[in-house]
Amino acid sequence: MDLRRSTGVQTGDHNTQHITYQTSPRPAPVALHSTLPRDVTAFTGREDELHRLVHAAEDGHTPVISIHTVDGMPGVGKTALVTHAAHQLAAHYPDGQLFVDLHAHTASQSPADPADVLATLLIRIGISPQNLPDTLQERAALWRDRVAGRKMLLILDNAAGPDQVEPLLPASQQCLVLVTSRRRLIALDGAEPLPLDTLPSDQASRLFTRLARRTPTQADHGAVTEAVRLCGHLPLAITLLAARLAHHPTWDLTTFTDEFATAQDRLSELEAGNRAVAAAFDLSYQDLPPHLQHLFRHLGLHPGPDIDPYATAALTNVPLTRARRHLETLYTDHLIEEPTPRRYRLHDLLREYAHTLTIQDPTEARAQATHRLLTYYTYTAHIADQHLTTTPRHHTHSHTAPDAAPELITREYALAWMRTEYPNLAACAHHNTGHTQPTHLIALARAMAAFLYQQGPWDQAIALHQTAAEAAHHTNDRHGEADALWDLGWVRRVTGDFVEADKLAGQALELYRKLDDRHGEANALWGLGVVRRVTADFAGADKLAGQALELYRKLDDRHGEANALWELGWVRWLMADFAGADELLRQALELYRDLGDHLGEANALRGLGVVRRVTGDFAGADELLGQALELFRDLGDRRGEANALWGLGRVRHVTGDFGGAGELAGQVLELFRDLGDRLGEAHALGGLGRVRRVMGDFDGADELLGQALELYRTLGNRHEEANALQDLGVVRTQLRDFRAATDLLTRSRKLFKEVGDRQGEAEALNSTGNLLAESGEPQEALAAYQQALLMARQVRSPLDEAHALEGTARCRAHTDTWSAIATLRKAVAIYCRIGAAETPAAAQYLTQLEGGQAQPVWLNGRLMWPNYP
């Protein structure tokens with residue numbers, strides 16, 4: 001202690017001098033009012049988080065102390081936020097604003113002892129050191145006592161955990177405590193958590209340009225966005241990168257960003273002096289126990305964007321329950337994120353950091369971990385595929401079951417799993433392409449085929465199956481090659497590359513036959529038949545589907561049998577054998593239902609709905625297509641949904657709901673374009689064009705139908721080309737471009753005849769009759785209507801029959817009124833029975849004829865009929 005000498009006193013008797021000393025009072029410690037660090041001059045963004053903290057001062061009516069914990073990953077800006085907030089709050093807390101660093105993650109320093117921190121705090125508020133109690137509990141009590149009634153702001157920065165923070169908390173409800181930590185302080189009772197994420201893109205860009213002291217030009221904005229993306233929107237990374245640019249004012253921003261993007265070691269670029277992103281990560285990593293360090297390193301081996309406990313268990317070779325606990329601990333420590341429940345991901349820079357740590361593990365250990373992960377994904381994808389495929393696999397690669405995998409017991413579970421894991425599956429397949437024995441790649445491509453066909457994206461499916469086919473060929477995996485060729489051809493078909501699809505299906509068929517794989521052969525025959533159908537080779541399609549059906553029945557493959565029956569029914573519909581089509585599709589529907597195949601059931605219902613429409617049962621068609629749509633949506637099959645919507649749109653059109661038809665066609669167009677289905681896109685454009693025509697927008701209809709025609713020609717689909725030509729001929733008729741209309745309808749009839757669609761021929765003949773009538777040639781029109789009537793009755797198409805009867809009646813009205821009335825009555829009866837859109841206009845014209853009021857007249861060389869729609 002300090003000593004001060006007193007005045008000396010002499011005693012003469014002994015001639016002695018006595019000097020005495022007394023203790024002087026120690027000066028009282030100087031109380032510190034504010035120990036806040038300086039404010040962050042370039043603080044940017046965080047408006048919502050800042051608003052929440054600043055307004056905490058206004059909530060002083062609560063009966064307990066206000067505690068806010070700000071947690072987040074290293075470098076996310078926790079200290080900057082609370083410091084900036086504290087400076088704005090200082091006036092609200094006149095009794096002091098104290099800042100304490102608890103050193104949970106400080107280089108070369110252990111976390112602060114709460115007893116030592118309390119000693120510092122007590123001295124700061126004026127307690128003499130010699131009056132400090134000895135125990136933690138006594139110091140905490142003295143701290144709470146001396147702060148009672150004061151309005152004080154306390155910042156506890158870089159906290160290790162609740163046990164370190166709890167003794168430091170005041171009891172006064174007038175105090176505000178802000179705690180920052182890299183851990184989620186879940187056990188800190190009464191605290192309001194504020195998890196801090198990385199910066200949004202716009203705020204990150206503002207921070208970068210502000211610190212770089214740049215005013216970006218219009219051309220620079222893309223470079224700024226890319227720079228902060230490469231920094232993972234992490235404030236520390238952005239600060240360090242921008243600081244480099246700020247000290248080089250002559251550097252070009254775009255070039256600087258490009259160089260950073262191509263840097264071999266991006267983390268080494270993000271350091272300045274004793275500040276570095278990697279160093280911040282190191283402190284958190286070194287704080288982990290060995291088993292969690294092992295897990296963190298292994299996460300760097302995962303090629304996909306996120307991971308769940310099952311994949312983690314496979315990757316790290318630990319039980320599922322332990323994997324869950326370990327992930328939760330890393331999440332609590334802000335070393336991984338949880339964007340959705342039970343799914344975790346590394347921040348981009350943490351992923352890169354984890355990847356650099358994997359070199360600590362032996363090469364063989366890393367290879368084994370990767371193999372376990374790929375085995376898990378391949379096995380589970382195969383299980384999911386069994387629920388999704390429409391062509392059950394009778395030959396597959398053997399798949400080793402992992403110790404733990406999700407139970408995908410229904411199609412819904414399988415589809416949900418595939419949708420969630422697709423980015424990881426694709427990343428694993430890509431990761432595996434460089435291996436000399438790419439068995440996982442071939443098996444993954446096969447297991448993902450049905451999902452990619454139903455969901456897309458098809459360009460990625462094509463690339464995957466192409467790579468798998470090449471890998472299988474190079475490794476002499478003939479079965480794998482045949483499967484990959486079949487899958488590739490199937491996707492080529494839906495993208496409209498029918499020539500390539502035909503070639504690939506043929507190659508797969510040849511391979512299956514060489515391998516004596518009868519199931520593969522049957523599938524290939526069926527798939528080749530589908531290609532022939534969509535290219536309007538109906539006879540060839542019918543033959544191939546029949547061969548597939550015979551083979552499936554010999555193999556007792558009821559699922560394949562159902563598929564072949566469905567295909568035969570569809571071909572017979574296109575050949576205008578509606579009765580045969582209905583019977584085949586009914587057999588397919590019954591089989592699908594017996595097998596519990598809801599996707600097959602939906603397709604069969606859609607086919608039956610289309611047949612019902614062309615046979616005039618519009619109500620039945622609407623009901624069947626509605627059931628199909630509901631099933632497709634329940635199953636998550638977007639392509640099936642689009643096809644069902646398209647069928648419903650056709651029903652709406654023929655029943656006069658043109659607004660509804662247009663709305664559905666718009667939805668279909670969006671769906672098919674999103675899927676990349678060009679044939680479907682052409683169908684939707686045609687549907688929209690027909691709606692525009694009946695609504696009187698002939699120019700708009702002409703443009704849309706022209707686009708559809710061009711697509712059909714590009715795809716080589718002659719049957720749909722004939723339909724588009726017919727629709728365009730009708731539009732040109734109404735535009736009074738009779739020469740063009742004649743050419744279009746002539747070509748349409750020719751194509752319909754070539755492909756064997758007699759119903760299409762009947763429709764084109766009716767349109768030709770309308771054209772001839774409009775152009776002033778009633779006798780020629782009558783002949784066309786008579787041909788259409790004969791053909792419509794042969795194929796049993798009531799709508800085409802009614803059109804032909806009405807056209808015939810209108811042609812005869814000016815020469816034989818009673819014959820016209822009798823014929824028109826038949827047409828109206830059919831219209832009424834099937835609920836056709838033409839019913840009101842035809843019925844009105846019949847009433848006028850019967851009343852003697854409707855007489856056609858010749859005007860300017862053209863026969864005009866009153867109220868002709």
# chains A, B, ... in the order shown; residues from 1 in each chain; ligands from 1

call {"tool": "select_by_dssp", "arguments": {"residues": "region 32-274 of chain A", "states": "alpha helix (DSSP H)", "output": "PyMOL selection string"}}
result
chain A and resi 47-54+78-89+114-124+136-147+162-165+201-211+221-230+235-246+253-261+266-269

call {"tool": "residues_around", "arguments": {"residues": "Thr215 (chain A)", "least_positions_apart": "5", "cutoff": "12 Å", "atoms": "only C-alpha atoms", "output": "list in words"}}
result
Ser205, Arg206, Leu207, Phe208, Thr209, Arg210, Asp220, His221, Val224, Ala246, Pro249 and Leu253 of chain A

call {"tool": "write_last_selection", "arguments": {"atoms": "all heavy atoms", "output": "mmCIF file, in the first residue's frame"}}
result
data_model
loop_
_atom_site.group_PDB
_atom_site.id
_atom_site.type_symbol
_atom_site.label_atom_id
_atom_site.label_comp_id
_atom_site.auth_asym_id
_atom_site.auth_seq_id
_atom_site.Cartn_x
_atom_site.Cartn_y
_atom_site.Cartn_z
ATOM 1 N N SER A 205 -23.362 -4.554 -51.362
ATOM 2 C CA SER A 205 -22.792 -3.734 -52.438
ATOM 3 C C SER A 205 -22.518 -2.307 -51.968
ATOM 4 O O SER A 205 -21.484 -1.709 -52.297
ATOM 5 C CB SER A 205 -23.737 -3.725 -53.645
ATOM 6 O OG SER A 205 -23.892 -5.027 -54.182
ATOM 7 N N ARG A 206 -23.438 -1.749 -51.178
ATOM 8 C CA ARG A 206 -23.224 -0.400 -50.639
ATOM 9 C C ARG A 206 -22.014 -0.351 -49.728
ATOM 10 O O ARG A 206 -21.206 0.583 -49.772
ATOM 11 C CB ARG A 206 -24.480 0.058 -49.895
ATOM 12 C CG ARG A 206 -25.599 0.564 -50.809
ATOM 13 C CD ARG A 206 -26.948 0.600 -50.111
ATOM 14 N NE ARG A 206 -26.879 1.107 -48.748
ATOM 15 C CZ ARG A 206 -27.776 0.802 -47.804
ATOM 16 N NH1 ARG A 206 -28.769 -0.028 -48.095
ATOM 17 N NH2 ARG A 206 -27.677 1.315 -46.598
ATOM 18 N N LEU A 207 -21.859 -1.365 -48.877
ATOM 19 C CA LEU A 207 -20.700 -1.414 -47.985
ATOM 20 C C LEU A 207 -19.404 -1.500 -48.788
ATOM 21 O O LEU A 207 -18.424 -0.803 -48.480
ATOM 22 C CB LEU A 207 -20.827 -2.618 -47.044
ATOM 23 C CG LEU A 207 -19.653 -2.846 -46.086
ATOM 24 C CD1 LEU A 207 -19.511 -1.673 -45.129
ATOM 25 C CD2 LEU A 207 -19.823 -4.161 -45.315
ATOM 26 N N PHE A 208 -19.386 -2.322 -49.800
ATOM 27 C CA PHE A 208 -18.173 -2.503 -50.607
ATOM 28 C C PHE A 208 -17.768 -1.195 -51.285
ATOM 29 O O PHE A 208 -16.602 -0.776 -51.219
ATOM 30 C CB PHE A 208 -18.403 -3.594 -51.659
ATOM 31 C CG PHE A 208 -17.214 -3.846 -52.533
ATOM 32 C CD1 PHE A 208 -16.215 -4.719 -52.119
ATOM 33 C CD2 PHE A 208 -17.081 -3.224 -53.764
ATOM 34 C CE1 PHE A 208 -15.111 -4.956 -52.920
ATOM 35 C CE2 PHE A 208 -15.983 -3.457 -54.567
ATOM 36 C CZ PHE A 208 -14.992 -4.327 -54.147
ATOM 37 N N THR A 209 -18.704 -0.548 -51.959
ATOM 38 C CA THR A 209 -18.354 0.684 -52.686
ATOM 39 C C THR A 209 -17.971 1.805 -51.725
ATOM 40 O O THR A 209 -17.103 2.626 -52.021
ATOM 41 C CB THR A 209 -19.528 1.130 -53.566
ATOM 42 O OG1 THR A 209 -20.713 1.255 -52.773
ATOM 43 C CG2 THR A 209 -19.778 0.133 -54.681
ATOM 44 N N ARG A 210 -18.588 1.815 -50.553
ATOM 45 C CA ARG A 210 -18.253 2.856 -49.567
ATOM 46 C C ARG A 210 -16.832 2.667 -49.049
ATOM 47 O O ARG A 210 -16.056 3.626 -48.966
ATOM 48 C CB ARG A 210 -19.256 2.797 -48.416
ATOM 49 C CG ARG A 210 -19.127 3.941 -47.414
ATOM 50 C CD ARG A 210 -20.263 3.902 -46.411
ATOM 51 N NE ARG A 210 -20.196 4.996 -45.472
ATOM 52 C CZ ARG A 210 -21.051 5.188 -44.486
ATOM 53 N NH1 ARG A 210 -22.068 4.338 -44.333
ATOM 54 N NH2 ARG A 210 -20.928 6.210 -43.663
ATOM 55 N N ASP A 220 -19.963 -0.911 -63.877
ATOM 56 C CA ASP A 220 -19.307 -1.512 -62.715
ATOM 57 C C ASP A 220 -20.260 -2.269 -61.801
ATOM 58 O O ASP A 220 -19.810 -3.047 -60.948
ATOM 59 C CB ASP A 220 -18.601 -0.433 -61.875
ATOM 60 C CG ASP A 220 -17.371 0.134 -62.573
ATOM 61 O OD1 ASP A 220 -16.788 -0.580 -63.412
ATOM 62 O OD2 ASP A 220 -17.004 1.285 -62.277
ATOM 63 N N HIS A 221 -21.542 -2.020 -61.915
ATOM 64 C CA HIS A 221 -22.487 -2.589 -60.948
ATOM 65 C C HIS A 221 -22.436 -4.121 -60.939
ATOM 66 O O HIS A 221 -22.511 -4.746 -59.871
ATOM 67 C CB HIS A 221 -23.908 -2.117 -61.252
ATOM 68 C CG HIS A 221 -24.149 -0.693 -60.842
ATOM 69 N ND1 HIS A 221 -23.994 -0.246 -59.547
ATOM 70 C CD2 HIS A 221 -24.538 0.399 -61.563
ATOM 71 C CE1 HIS A 221 -24.261 1.043 -59.476
ATOM 72 N NE2 HIS A 221 -24.594 1.465 -60.691
ATOM 73 N N VAL A 224 -19.411 -5.214 -58.927
ATOM 74 C CA VAL A 224 -19.619 -5.048 -57.486
ATOM 75 C C VAL A 224 -20.484 -6.192 -56.951
ATOM 76 O O VAL A 224 -20.172 -6.797 -55.917
ATOM 77 C CB VAL A 224 -20.270 -3.689 -57.181
ATOM 78 C CG1 VAL A 224 -20.667 -3.594 -55.709
ATOM 79 C CG2 VAL A 224 -19.326 -2.554 -57.547
ATOM 80 N N ALA A 246 -9.333 0.087 -52.171
ATOM 81 C CA ALA A 246 -9.269 1.503 -51.787
ATOM 82 C C ALA A 246 -7.847 2.044 -51.866
ATOM 83 O O ALA A 246 -7.637 3.231 -52.143
ATOM 84 C CB ALA A 246 -9.822 1.672 -50.372
ATOM 85 N N PRO A 249 -6.238 3.202 -56.220
ATOM 86 C CA PRO A 249 -7.265 3.960 -56.946
ATOM 87 C C PRO A 249 -7.202 3.807 -58.459
ATOM 88 O O PRO A 249 -8.168 4.094 -59.142
ATOM 89 C CB PRO A 249 -6.997 5.411 -56.520
ATOM 90 C CG PRO A 249 -5.596 5.424 -56.021
ATOM 91 C CD PRO A 249 -5.331 4.075 -55.448
ATOM 92 N N LEU A 253 -12.175 -1.839 -61.491
ATOM 93 C CA LEU A 253 -13.013 -2.631 -60.605
ATOM 94 C C LEU A 253 -13.370 -3.981 -61.209
ATOM 95 O O LEU A 253 -13.317 -5.010 -60.539
ATOM 96 C CB LEU A 253 -14.278 -1.834 -60.266
ATOM 97 C CG LEU A 253 -15.037 -2.219 -58.990
ATOM 98 C CD1 LEU A 253 -15.849 -1.041 -58.490
ATOM 99 C CD2 LEU A 253 -15.955 -3.407 -59.217
#

call {"tool": "atom_distance", "arguments": {"atom1": "CA of Val82 (chain A)", "atom2": "CA of Val177 (chain A)"}}
result
10.1 Å

call {"tool": "residues_around", "arguments": {"residues": "Leu136 (chain A)", "least_positions_apart": "6", "cutoff": "12 Å", "atoms": "only C-alpha atoms", "output": "short mmCIF file (atom, residue, chain, number, x, y, z; two decimals) with N, CA and C atoms, in the first residue's frame"}}
result
data_model
loop_
_atom_site.label_atom_id
_atom_site.label_comp_id
_atom_site.auth_asym_id
_atom_site.auth_seq_id
_atom_site.Cartn_x
_atom_site.Cartn_y
_atom_site.Cartn_z
N ASP A 113 -12.43 -14.86 -17.33
CA ASP A 113 -13.06 -15.42 -16.13
C ASP A 113 -14.11 -14.42 -15.63
N PRO A 114 -15.36 -14.84 -15.40
CA PRO A 114 -16.39 -13.90 -14.94
C PRO A 114 -15.99 -13.15 -13.67
N ALA A 115 -15.23 -13.80 -12.77
CA ALA A 115 -14.81 -13.12 -11.54
C ALA A 115 -13.88 -11.96 -11.85
N ASP A 116 -12.94 -12.17 -12.81
CA ASP A 116 -12.04 -11.09 -13.20
C ASP A 116 -12.80 -9.97 -13.90
N VAL A 117 -13.79 -10.34 -14.72
CA VAL A 117 -14.58 -9.33 -15.42
C VAL A 117 -15.35 -8.48 -14.40
N LEU A 118 -15.92 -9.14 -13.38
CA LEU A 118 -16.66 -8.40 -12.36
C LEU A 118 -15.74 -7.46 -11.59
N ALA A 119 -14.53 -7.89 -11.32
CA ALA A 119 -13.57 -7.00 -10.66
C ALA A 119 -13.34 -5.75 -11.49
N LEU A 142 -22.41 -7.74 -5.26
CA LEU A 142 -22.02 -6.35 -5.10
C LEU A 142 -22.29 -5.57 -6.39
N TRP A 143 -22.01 -6.20 -7.54
CA TRP A 143 -22.25 -5.57 -8.84
C TRP A 143 -23.73 -5.25 -9.01
N ASP A 163 -22.87 -19.42 -19.09
CA ASP A 163 -22.22 -19.46 -17.78
C ASP A 163 -21.26 -18.29 -17.60
N GLN A 164 -20.68 -17.83 -18.68
CA GLN A 164 -19.77 -16.69 -18.60
C GLN A 164 -20.54 -15.38 -18.46
N GLU A 166 -23.96 -14.97 -17.37
CA GLU A 166 -24.98 -14.86 -16.32
C GLU A 166 -24.52 -14.07 -15.09
N PRO A 167 -23.31 -14.29 -14.52
CA PRO A 167 -22.91 -13.53 -13.33
C PRO A 167 -22.72 -12.04 -13.59
N LEU A 168 -22.58 -11.65 -14.85
CA LEU A 168 -22.28 -10.25 -15.18
C LEU A 168 -23.53 -9.41 -15.37
#

call {"tool": "atom_distance", "arguments": {"atom1": "CA of Gly529 (chain A)", "atom2": "CA of Val611 (chain A)"}}
result
19.9 Å

call {"tool": "residues_around", "arguments": {"residues": "Leu36 (chain A)", "least_positions_apart": "6", "cutoff": "7 Å", "atoms": "only C-alpha atoms", "output": "PyMOL selection string"}}
result
chain A and resi 97-99

call {"tool": "closest_residue", "arguments": {"among": "A:Gln726, A:Ser284, A:Thr106, A:Gln844", "to": "Gly706 (chain A)", "atoms": "only C-alpha atoms"}}
result
A:Gln726

call {"tool": "closest_atom_pairs", "arguments": {"of": "region 171-284 of chain A", "to": "region 65-73 of chain A", "cutoff": "12 Å", "atoms": "only C-alpha atoms", "output": "tab-separated table"}}
result
residue	atom	partner	partner_atom	distance
A:Ala171	CA	A:Ile65	CA	6.2
A:Ser172	CA	A:Ile65	CA	5.8
A:Gln173	CA	A:Ile65	CA	4.0
A:Gln174	CA	A:Ile65	CA	6.6
A:Cys175	CA	A:Ile65	CA	6.0
A:Leu176	CA	A:Ser66	CA	5.1
A:Val177	CA	A:Ile67	CA	4.8
A:Leu178	CA	A:His68	CA	5.0
A:Val179	CA	A:Thr69	CA	4.6
A:Thr180	CA	A:Val70	CA	4.7
A:Ser181	CA	A:Asp71	CA	4.9
A:Arg182	CA	A:Gly72	CA	5.2
A:Arg183	CA	A:Asp71	CA	6.1
A:Arg184	CA	A:Asp71	CA	5.8
A:Leu185	CA	A:Thr69	CA	7.3
A:Ile186	CA	A:Thr69	CA	9.6
A:Ala187	CA	A:Thr69	CA	11.4
A:Leu188	CA	A:Thr69	CA	8.9
A:Asp189	CA	A:Ile67	CA	9.3
A:Gly190	CA	A:Ile67	CA	7.0
A:Ala191	CA	A:Ile67	CA	4.8
A:Glu192	CA	A:His68	CA	4.7
A:Pro193	CA	A:Thr69	CA	4.8
A:Leu194	CA	A:Val70	CA	4.8
A:Pro195	CA	A:Asp71	CA	4.9
A:Leu196	CA	A:Gly72	CA	5.0
A:Asp197	CA	A:Gly72	CA	6.5
A:Thr198	CA	A:Met73	CA	8.6
A:Leu199	CA	A:Gly72	CA	11.7
A:Gly232	CA	A:Met73	CA	11.9
A:Leu234	CA	A:Met73	CA	9.2
A:Pro235	CA	A:Met73	CA	10.7
A:Leu236	CA	A:Met73	CA	10.6
A:Val277	CA	A:Met73	CA	11.1
A:Ala280	CA	A:Met73	CA	9.5
A:Phe281	CA	A:Met73	CA	8.8
A:Leu283	CA	A:Met73	CA	11.5
A:Ser284	CA	A:Met73	CA	9.1

call {"tool": "residues_around", "arguments": {"residues": "His233 (chain A)", "least_positions_apart": "3", "cutoff": "7 Å", "atoms": "only C-alpha atoms", "output": "PDB file with all heavy atoms, in the first residue's frame"}}
result
ATOM      1  N   THR A 198     -25.690 -12.933 -42.926  1.00  0.00           N
ATOM      2  CA  THR A 198     -24.873 -12.122 -43.815  1.00  0.00           C
ATOM      3  C   THR A 198     -25.721 -10.995 -44.411  1.00  0.00           C
ATOM      4  O   THR A 198     -26.947 -11.020 -44.337  1.00  0.00           O
ATOM      5  CB  THR A 198     -24.283 -12.982 -44.938  1.00  0.00           C
ATOM      6  OG1 THR A 198     -25.347 -13.683 -45.586  1.00  0.00           O
ATOM      7  CG2 THR A 198     -23.270 -13.986 -44.383  1.00  0.00           C
ATOM      8  N   LEU A 199     -25.061 -10.038 -45.031  1.00  0.00           N
ATOM      9  CA  LEU A 199     -25.767  -8.869 -45.549  1.00  0.00           C
ATOM     10  C   LEU A 199     -26.582  -9.209 -46.795  1.00  0.00           C
ATOM     11  O   LEU A 199     -26.131 -10.001 -47.636  1.00  0.00           O
ATOM     12  CB  LEU A 199     -24.778  -7.764 -45.900  1.00  0.00           C
ATOM     13  CG  LEU A 199     -24.120  -7.020 -44.734  1.00  0.00           C
ATOM     14  CD1 LEU A 199     -22.991  -6.139 -45.259  1.00  0.00           C
ATOM     15  CD2 LEU A 199     -25.145  -6.175 -43.997  1.00  0.00           C
ATOM     16  N   PRO A 200     -27.749  -8.616 -46.953  1.00  0.00           N
ATOM     17  CA  PRO A 200     -28.448  -8.714 -48.240  1.00  0.00           C
ATOM     18  C   PRO A 200     -27.577  -8.129 -49.357  1.00  0.00           C
ATOM     19  O   PRO A 200     -26.683  -7.314 -49.100  1.00  0.00           O
ATOM     20  CB  PRO A 200     -29.717  -7.876 -48.024  1.00  0.00           C
ATOM     21  CG  PRO A 200     -29.894  -7.813 -46.545  1.00  0.00           C
ATOM     22  CD  PRO A 200     -28.512  -7.842 -45.963  1.00  0.00           C
ATOM     23  N   SER A 201     -27.850  -8.535 -50.572  1.00  0.00           N
ATOM     24  CA  SER A 201     -26.995  -8.156 -51.696  1.00  0.00           C
ATOM     25  C   SER A 201     -26.849  -6.646 -51.846  1.00  0.00           C
ATOM     26  O   SER A 201     -25.751  -6.134 -52.059  1.00  0.00           O
ATOM     27  CB  SER A 201     -27.560  -8.756 -52.992  1.00  0.00           C
ATOM     28  OG  SER A 201     -26.746  -8.404 -54.088  1.00  0.00           O
ATOM     29  N   ALA A 204     -24.714  -5.252 -49.013  1.00  0.00           N
ATOM     30  CA  ALA A 204     -23.330  -5.675 -49.210  1.00  0.00           C
ATOM     31  C   ALA A 204     -22.649  -4.839 -50.285  1.00  0.00           C
ATOM     32  O   ALA A 204     -21.484  -4.425 -50.130  1.00  0.00           O
ATOM     33  CB  ALA A 204     -23.292  -7.153 -49.580  1.00  0.00           C
ATOM     34  N   VAL A 228     -19.128  -8.981 -54.065  1.00  0.00           N
ATOM     35  CA  VAL A 228     -19.724  -9.271 -52.749  1.00  0.00           C
ATOM     36  C   VAL A 228     -20.300 -10.682 -52.712  1.00  0.00           C
ATOM     37  O   VAL A 228     -20.345 -11.307 -51.648  1.00  0.00           O
ATOM     38  CB  VAL A 228     -20.788  -8.214 -52.370  1.00  0.00           C
ATOM     39  CG1 VAL A 228     -20.148  -6.840 -52.273  1.00  0.00           C
ATOM     40  CG2 VAL A 228     -21.955  -8.200 -53.336  1.00  0.00           C
ATOM     41  N   ARG A 229     -20.718 -11.201 -53.861  1.00  0.00           N
ATOM     42  CA  ARG A 229     -21.180 -12.601 -53.894  1.00  0.00           C
ATOM     43  C   ARG A 229     -20.026 -13.539 -53.589  1.00  0.00           C
ATOM     44  O   ARG A 229     -20.173 -14.510 -52.826  1.00  0.00           O
ATOM     45  CB  ARG A 229     -21.778 -12.934 -55.251  1.00  0.00           C
ATOM     46  CG  ARG A 229     -22.427 -14.323 -55.308  1.00  0.00           C
ATOM     47  CD  ARG A 229     -22.727 -14.755 -56.731  1.00  0.00           C
ATOM     48  NE  ARG A 229     -21.514 -15.001 -57.485  1.00  0.00           N
ATOM     49  CZ  ARG A 229     -20.795 -16.120 -57.405  1.00  0.00           C
ATOM     50  NH1 ARG A 229     -21.170 -17.099 -56.588  1.00  0.00           N
ATOM     51  NH2 ARG A 229     -19.707 -16.276 -58.133  1.00  0.00           N
ATOM     52  N   ILE A 238     -15.932  -8.575 -47.059  1.00  0.00           N
ATOM     53  CA  ILE A 238     -16.162  -7.395 -47.899  1.00  0.00           C
ATOM     54  C   ILE A 238     -15.241  -6.251 -47.466  1.00  0.00           C
ATOM     55  O   ILE A 238     -14.644  -5.559 -48.303  1.00  0.00           O
ATOM     56  CB  ILE A 238     -17.641  -6.963 -47.820  1.00  0.00           C
ATOM     57  CG1 ILE A 238     -18.543  -8.032 -48.438  1.00  0.00           C
ATOM     58  CG2 ILE A 238     -17.859  -5.621 -48.503  1.00  0.00           C
ATOM     59  CD1 ILE A 238     -20.015  -7.834 -48.150  1.00  0.00           C
TER      60      ILE A 238
END

call {"tool": "atom_distance", "arguments": {"atom1": "CA of Asp101 (chain A)", "atom2": "CA of Asp157 (chain A)"}}
result
4.8 Å

call {"tool": "closest_residue", "arguments": {"among": "A:Glu806, A:Asp282, A:Glu47, A:Asp757", "to": "Thr356 (chain A)", "atoms": "only C-alpha atoms"}}
result
A:Asp282

call {"tool": "residues_around", "arguments": {"residues": "Glu550 (chain A)", "least_positions_apart": "2", "cutoff": "12 Å", "atoms": "only C-alpha atoms", "output": "list of chain:residue names"}}
result
A:Arg518, A:His519, A:Glu521, A:Ala522, A:Asn523, A:Leu525, A:Trp526, A:Lys543, A:Leu544, A:Ala545, A:Gly546, A:Gln547, A:Ala548, A:Tyr552, A:Arg553, A:Lys554, A:Leu555, A:Asp556, A:Asp557, A:Arg558, A:Gly560, A:Glu561, A:Ala562, A:Asn563, A:Ala564, A:Leu565, A:Leu568

call {"tool": "residues_around", "arguments": {"residues": "region 451-463 of chain A", "least_positions_apart": "5", "cutoff": "7 Å", "atoms": "only C-alpha atoms", "output": "MDAnalysis selection string"}}
result
chainID A and resid 388 488 491 637:639 675:676

call {"tool": "write_last_selection", "arguments": {"atoms": "C-alpha atoms", "output": "tab-separated table (two decimals), in the first residue's frame"}}
result
chain	number	residue	atom	x	y	z
A	388	LEU	CA	-41.59	-42.55	-59.52
A	488	LEU	CA	-31.51	-40.16	-73.07
A	491	VAL	CA	-35.80	-37.00	-72.77
A	637	ASP	CA	-46.17	-34.29	-62.18
A	638	ARG	CA	-45.95	-30.90	-63.88
A	639	ARG	CA	-45.92	-32.27	-67.42
A	675	LEU	CA	-40.37	-27.39	-68.62
A	676	GLY	CA	-38.75	-26.81	-72.00

call {"tool": "closest_atom_pairs", "arguments": {"of": "region 642-668 of chain A", "to": "region 587-606 of chain A", "cutoff": "9 Å", "atoms": "only C-alpha atoms", "output": "Markdown table"}}
result
| residue | atom | partner | partner_atom | distance |
| --- | --- | --- | --- | --- |
| A:Asn643 | CA | A:Arg606 | CA | 8.1 |
| A:Ala644 | CA | A:Arg606 | CA | 6.2 |
| A:Gly647 | CA | A:Arg606 | CA | 7.6 |

call {"tool": "write_last_selection", "arguments": {"atoms": "N, CA and C atoms", "output": "PDB file, in the first residue's frame"}}
result
ATOM      1  N   ASN A 643     -50.588 -31.221 -69.554  1.00  0.00           N
ATOM      2  CA  ASN A 643     -51.375 -31.939 -70.562  1.00  0.00           C
ATOM      3  C   ASN A 643     -52.855 -31.997 -70.179  1.00  0.00           C
ATOM      4  N   ALA A 644     -53.129 -32.202 -68.891  1.00  0.00           N
ATOM      5  CA  ALA A 644     -54.530 -32.246 -68.447  1.00  0.00           C
ATOM      6  C   ALA A 644     -55.186 -30.881 -68.601  1.00  0.00           C
ATOM      7  N   GLY A 647     -56.064 -30.370 -72.199  1.00  0.00           N
ATOM      8  CA  GLY A 647     -57.286 -31.089 -72.559  1.00  0.00           C
ATOM      9  C   GLY A 647     -58.529 -30.393 -72.054  1.00  0.00           C
TER      10      GLY A 647
END

call {"tool": "closest_residue", "arguments": {"among": "A:Gln109, A:Leu373, A:Leu241, A:Leu349", "to": "Pro309 (chain A)", "atoms": "only C-alpha atoms"}}
result
A:Leu373
